[in-house]
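Data from protein-v1.cif: mmCIF, C-alpha atoms
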```
data_protein
loop_
_atom_site.label_atom_id
_atom_site.label_comp_id
_atom_site.auth_asym_id
_atom_site.auth_seq_id
_atom_site.Cartn_x
_atom_site.Cartn_y
_atom_site.Cartn_z
CA MET A 9 -0.54 -37.16 -25.09
CA TRP A 10 -0.58 -39.91 -22.47
CA ARG A 11 1.25 -42.24 -24.84
CA ASN A 12 3.95 -39.65 -25.43
CA LEU A 13 4.39 -39.13 -21.69
CA LYS A 14 4.38 -42.86 -21.16
CA HIS A 15 7.19 -43.35 -23.67
CA LEU A 16 9.16 -40.43 -22.30
CA LEU A 17 8.85 -41.07 -18.58
CA ILE A 18 7.65 -44.57 -17.72
CA PRO A 19 9.61 -47.80 -18.25
CA HIS A 20 7.50 -50.42 -20.08
CA ARG A 21 7.81 -53.11 -22.72
CA GLY A 22 7.09 -50.72 -25.58
CA ASN A 23 10.18 -48.60 -24.87
CA GLY A 24 12.38 -51.48 -23.89
CA HIS A 25 11.93 -50.59 -20.22
CA LYS A 26 14.06 -47.53 -20.81
CA PRO A 27 12.20 -44.19 -20.98
CA HIS A 28 13.28 -41.97 -23.85
CA LEU A 29 14.38 -39.22 -21.48
CA LEU A 30 16.93 -41.60 -19.99
CA ARG A 31 18.45 -42.75 -23.27
CA ASP A 32 21.88 -41.59 -24.31
CA VAL A 33 20.66 -39.15 -26.97
CA ALA A 34 18.13 -37.60 -24.63
CA VAL A 35 20.65 -37.31 -21.81
CA GLU A 36 23.13 -35.68 -24.15
CA ALA A 37 20.44 -33.24 -25.29
CA MET A 38 19.58 -32.33 -21.73
CA LEU A 39 23.24 -31.86 -20.81
CA GLY A 40 23.65 -29.67 -23.87
CA ALA A 41 20.70 -27.56 -22.81
CA VAL A 42 22.21 -27.13 -19.34
CA VAL A 43 25.53 -26.04 -20.83
CA VAL A 44 23.76 -23.51 -23.06
CA LEU A 45 21.90 -22.09 -20.06
CA LEU A 46 25.13 -21.76 -18.11
CA VAL A 47 26.87 -20.01 -21.01
CA VAL A 48 23.96 -17.61 -21.45
CA SER A 49 23.90 -16.89 -17.72
CA PHE A 50 27.65 -16.23 -17.63
CA ALA A 51 27.46 -14.03 -20.71
CA GLY A 52 24.60 -12.06 -19.20
CA ARG A 53 26.57 -11.39 -16.07
CA SER A 54 29.61 -10.37 -18.11
CA LEU A 55 27.53 -7.94 -20.14
CA ALA A 56 25.98 -6.47 -17.00
CA PRO A 57 28.73 -6.43 -14.38
CA HIS A 58 26.88 -3.83 -12.34
CA VAL A 59 24.26 -6.43 -11.43
CA ASP A 60 25.43 -8.36 -8.37
CA PHE A 61 23.21 -11.43 -8.12
CA LEU A 62 24.77 -12.32 -4.78
CA ALA A 63 24.36 -8.91 -3.17
CA ALA A 64 22.68 -9.33 0.18
CA VAL A 65 22.19 -5.92 1.78
CA TYR A 66 18.47 -5.91 2.44
CA PRO A 67 16.64 -3.22 4.46
CA SER A 68 14.32 -5.77 6.07
CA VAL A 69 17.28 -7.90 7.19
CA LEU A 70 19.06 -4.86 8.62
CA ALA A 71 15.91 -3.95 10.54
CA ASP A 72 15.72 -7.49 11.95
CA LEU A 73 19.40 -7.40 12.92
CA ALA A 74 18.96 -4.04 14.62
CA ASN A 75 16.04 -5.43 16.61
CA GLU A 76 18.04 -8.52 17.53
CA SER A 77 20.76 -6.23 18.89
CA ARG A 78 18.16 -4.26 20.83
CA ALA A 79 16.59 -7.43 22.23
CA GLU A 80 19.98 -8.45 23.61
CA HIS A 81 19.90 -5.24 25.65
CA ASP A 82 16.26 -5.59 26.73
CA LEU A 83 15.13 -2.78 24.45
CA PRO A 84 11.82 -2.75 22.58
CA ALA A 85 11.84 -3.52 18.88
CA LEU A 86 11.83 -0.70 16.37
CA ILE A 87 8.79 -0.48 14.12
CA GLU A 88 9.60 -0.33 10.40
CA SER A 89 8.23 2.94 9.04
CA GLU A 90 7.43 3.29 5.34
CA VAL A 91 7.65 7.06 5.72
CA LEU A 92 11.18 6.84 7.15
CA ALA A 93 12.08 4.29 4.47
CA GLU A 94 11.01 6.78 1.80
CA ALA A 95 13.14 9.49 3.43
CA ALA A 96 16.06 7.04 3.45
CA ARG A 97 15.50 6.23 -0.25
CA LEU A 98 15.56 9.91 -1.13
CA LYS A 99 18.75 10.52 0.87
CA ALA A 100 20.49 7.48 -0.66
CA ALA A 101 19.53 8.52 -4.20
CA HIS A 102 20.72 12.07 -3.53
CA MET A 103 24.14 10.87 -2.38
CA ILE A 104 24.56 8.83 -5.57
CA ALA A 105 23.30 11.64 -7.79
CA GLU A 106 25.45 14.30 -6.14
CA ASP A 107 28.50 12.06 -5.60
CA TYR A 108 29.00 12.41 -1.83
CA PHE A 109 28.95 10.27 1.29
CA GLU A 110 28.30 12.53 4.24
CA HIS A 111 25.52 13.46 6.60
CA VAL A 112 25.43 16.93 5.13
CA SER A 113 25.59 17.32 1.34
CA PRO A 114 28.15 19.63 -0.32
CA ASP A 115 25.39 22.18 -0.84
CA GLY A 116 24.34 22.08 2.80
CA VAL A 117 21.38 19.66 2.82
CA THR A 118 21.17 18.13 6.30
CA PRO A 119 19.80 14.66 7.18
CA TRP A 120 16.77 16.25 8.78
CA TYR A 121 15.73 17.82 5.47
CA TRP A 122 14.65 14.36 4.28
CA PHE A 123 12.51 13.82 7.36
CA ASP A 124 10.76 17.10 6.67
CA LEU A 125 10.42 16.38 2.96
CA VAL A 126 8.32 13.26 3.58
CA GLY A 127 6.34 14.92 6.35
CA TYR A 128 7.80 12.94 9.24
CA ARG A 129 7.41 15.10 12.35
CA TYR A 130 9.70 13.87 15.09
CA THR A 131 10.78 14.49 18.64
CA LEU A 132 14.01 12.55 18.13
CA ALA A 133 15.81 11.56 14.93
CA GLY A 134 19.05 9.81 13.96
CA GLU A 135 20.94 8.65 10.90
CA ASN A 136 23.45 5.90 10.20
CA LEU A 137 25.19 5.66 6.83
CA ALA A 138 27.28 2.91 5.26
CA ILE A 139 29.08 2.30 1.99
CA ASN A 140 30.88 -0.56 0.20
CA PHE A 141 29.14 -3.39 2.07
CA ASP A 142 27.70 -6.38 0.21
CA ASP A 143 26.17 -8.27 3.12
CA SER A 144 23.77 -7.24 5.86
CA GLU A 145 25.35 -9.02 8.83
CA PRO A 146 28.88 -7.56 8.50
CA LEU A 147 27.30 -4.14 8.05
CA ASN A 148 25.25 -4.40 11.23
CA GLU A 149 28.31 -5.74 13.04
CA ALA A 150 30.37 -2.75 11.87
CA TRP A 151 27.70 -0.36 13.09
CA MET A 152 27.54 -2.14 16.44
CA ASN A 153 31.35 -1.96 16.77
CA SER A 154 31.25 1.81 16.26
CA PRO A 155 30.12 3.60 19.45
CA ALA A 156 28.18 6.37 17.69
CA HIS A 157 26.34 4.01 15.35
CA ARG A 158 25.68 1.63 18.21
CA ASP A 159 24.14 4.48 20.19
CA ASN A 160 21.62 5.01 17.40
CA ILE A 161 20.75 1.31 17.06
CA LEU A 162 20.39 0.95 20.81
CA GLY A 163 18.80 4.34 21.30
CA ALA A 164 16.10 3.86 23.92
CA GLY A 165 14.39 7.01 22.71
CA PHE A 166 13.84 5.72 19.18
CA SER A 167 10.68 3.82 18.28
CA GLU A 168 10.82 3.59 14.46
CA VAL A 169 13.34 2.82 11.73
CA GLY A 170 13.45 3.17 7.96
CA ILE A 171 16.24 1.77 5.78
CA ALA A 172 17.08 2.03 2.09
CA THR A 173 19.93 1.21 -0.29
CA ALA A 174 21.04 2.71 -3.58
CA GLU A 175 23.51 1.42 -6.13
CA GLY A 176 25.59 3.56 -8.44
CA VAL A 177 28.91 5.25 -9.03
CA LEU A 178 30.29 7.27 -6.14
CA ASN A 179 33.78 8.75 -6.19
CA GLY A 180 34.39 6.89 -9.47
CA ARG A 181 33.54 3.48 -8.05
CA ASN A 182 30.51 1.22 -8.41
CA THR A 183 29.13 0.80 -4.93
CA THR A 184 26.11 0.51 -2.67
CA VAL A 185 25.19 3.12 -0.09
CA VAL A 186 22.92 2.38 2.85
CA VAL A 187 20.85 4.86 4.83
CA GLN A 188 19.36 3.89 8.17
CA LEU A 189 17.04 6.50 9.71
CA PHE A 190 15.70 6.40 13.24
CA GLY A 191 12.83 8.42 14.59
CA THR A 192 10.32 8.99 17.29
CA PRO A 193 7.20 10.53 15.79
CA ALA A 194 5.85 13.68 17.38
CA ARG A 195 2.60 13.29 19.27
CA VAL A 196 -0.03 15.89 19.95
CA SER A 197 0.79 17.09 23.44
CA THR A 198 1.46 20.16 25.53
CA ASP A 199 5.18 19.40 25.59
CA SER A 200 6.94 22.41 24.10
CA SER A 201 10.45 20.87 24.08
CA SER A 202 12.39 21.20 20.83
CA PRO A 203 13.15 18.17 18.62
CA SER A 204 16.53 16.49 19.12
CA VAL A 205 18.79 14.97 16.47
CA ALA A 206 21.66 12.49 16.31
CA GLY A 207 23.67 11.20 13.38
CA THR A 208 26.62 9.01 12.47
CA ALA A 209 28.19 7.52 9.33
CA ALA A 210 30.14 4.33 8.67
CA GLU A 211 31.87 2.55 5.81
CA SER A 212 33.17 -0.97 5.43
CA THR A 213 36.85 -0.17 5.82
CA GLU A 214 37.82 1.43 9.12
CA PRO A 215 34.47 2.99 10.03
CA GLU A 216 34.83 6.48 11.37
CA ASP A 217 32.54 7.96 14.00
CA GLU A 218 31.12 11.37 13.26
CA PRO A 219 29.16 13.71 15.49
#
```

Step by step, read the file and then write its structure as structure tokens.
Amino acid sequence: MWRNLKHLLIPHRGNGHKPHLLRDVAVEAMLGAVVVLLVVSFAGRSLAPHVDFLAAVYPSVLADLANESRAEHDLPALIESEVLAEAARLKAAHMIAEDYFEHVSPDGVTPWYWFDLVGYRYTLAGENLAINFDDSEPLNEAWMNSPAHRDNILGAGFSEVGIATAEGVLNGRNTTVVVQLFGTPARVSTDSSSPSVAGTAAESTEPEDEP
């Protein structure tokens, strides 16, 4: 084995001071292998156009960007909640399955249904939505440029966030939807005040504020 490696990799008298891997035939073989790999990769992407290898909308990145925006306004960072993230995943999947992009589904399911479904008891809750984005930074920037979405991200009353994405066909188009849920979990106390809610939605082209 050592002799084989020596001939392949190390210049010495026995191989004419030219390792086999660096000879013309070997170089051509390696170049051929690279070409084959590139062809296979291109073919794979052509056969599966729905897979975007460069897509970069990541929940963790959006959470970091939201906290960066909050830090710029001397606000405490939001804690990433797995429970809220699960509620966001369920809402995102529901929008794809039912072909809608709204806070309230065509059959009347409100954003707060998903909080209740996962057992997240809150004193304050909010929702941001987005569609057709393929990068986290432009998405956060769009939310921050929209007053209603900005109010959620910079909401001093929120302490937790959960974010999820879902890919699929919506309105006849392959797309990605993003759900960003904010919450302040209910604590055991004597406070009898009712929970409050807030919600907005955005998309990549001319985001519209909604109540």

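Residues of protein, DNA or RNA having at least one counted atom within 6 Å of (21.0, 5.6, -5.8), given only C-alpha atoms, are A:Ala100, A:Ala101, A:Ile104, A:Ala174, A:Glu175, A:Gly176.
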
>> On this structure, the PyMOL selection byres ((chain A and resi 161) around 10) would catch which residues? List them as a PyMOL selection string, sorted by chain and number.
In response: chain A and resi 71+73-75+77-78+86+134-136+148+151-152+155-160+162-164+166+169+188-190

> Quick one: distance from atom CA of Leu70 of chain A to atom CA of Ile87 of chain A in Å, one decimal?
Replying inline: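 Separating atom CA of Leu70 of chain A from atom CA of Ile87 of chain A is a distance of 12.4 Å.
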
> Using only C-alpha atoms, which residues sit within 12 Å of segment 119-128 of chain A once same-chain residues fewer than 2 positions away are excluded, as a VMD selection string?
Replying inline: chain A and resid 89 to 103 109 to 113 116 to 117 130 to 137 168 to 170 187 to 195 203 to 209

> Which one is closest to Val177 of chain A: A:Glu80, A:Asp143, A:Glu149, A:Asp107? Count all atoms listed in the file.
Replying inline: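 The shortest atom-to-atom distance to Val177 of chain A comes from A:Asp107.
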
Show which residues sit within 8 Å of segment 63-69 of chain A, as a tab-separated table (two decimals) with C-alpha atoms, in the frame of the given file. Count all atoms listed in the file, and ignore same-chain residues fewer than 5 positions away.
```tsv
chain	number	residue	atom	x	y	z
A	141	PHE	CA	29.14	-3.39	2.07
A	142	ASP	CA	27.70	-6.38	0.21
A	143	ASP	CA	26.17	-8.27	3.12
A	144	SER	CA	23.77	-7.24	5.86
A	170	GLY	CA	13.45	3.17	7.96
A	171	ILE	CA	16.24	1.77	5.78
A	172	ALA	CA	17.08	2.03	2.09
A	173	THR	CA	19.93	1.21	-0.29
```

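In this structure, atom CA of Tyr108 of chain A sits 10.8 Å away from atom CA of Ile139 of chain A.
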
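Atom CA of Asn140 of chain A lies 23.0 Å from atom CA of Glu76 of chain A.
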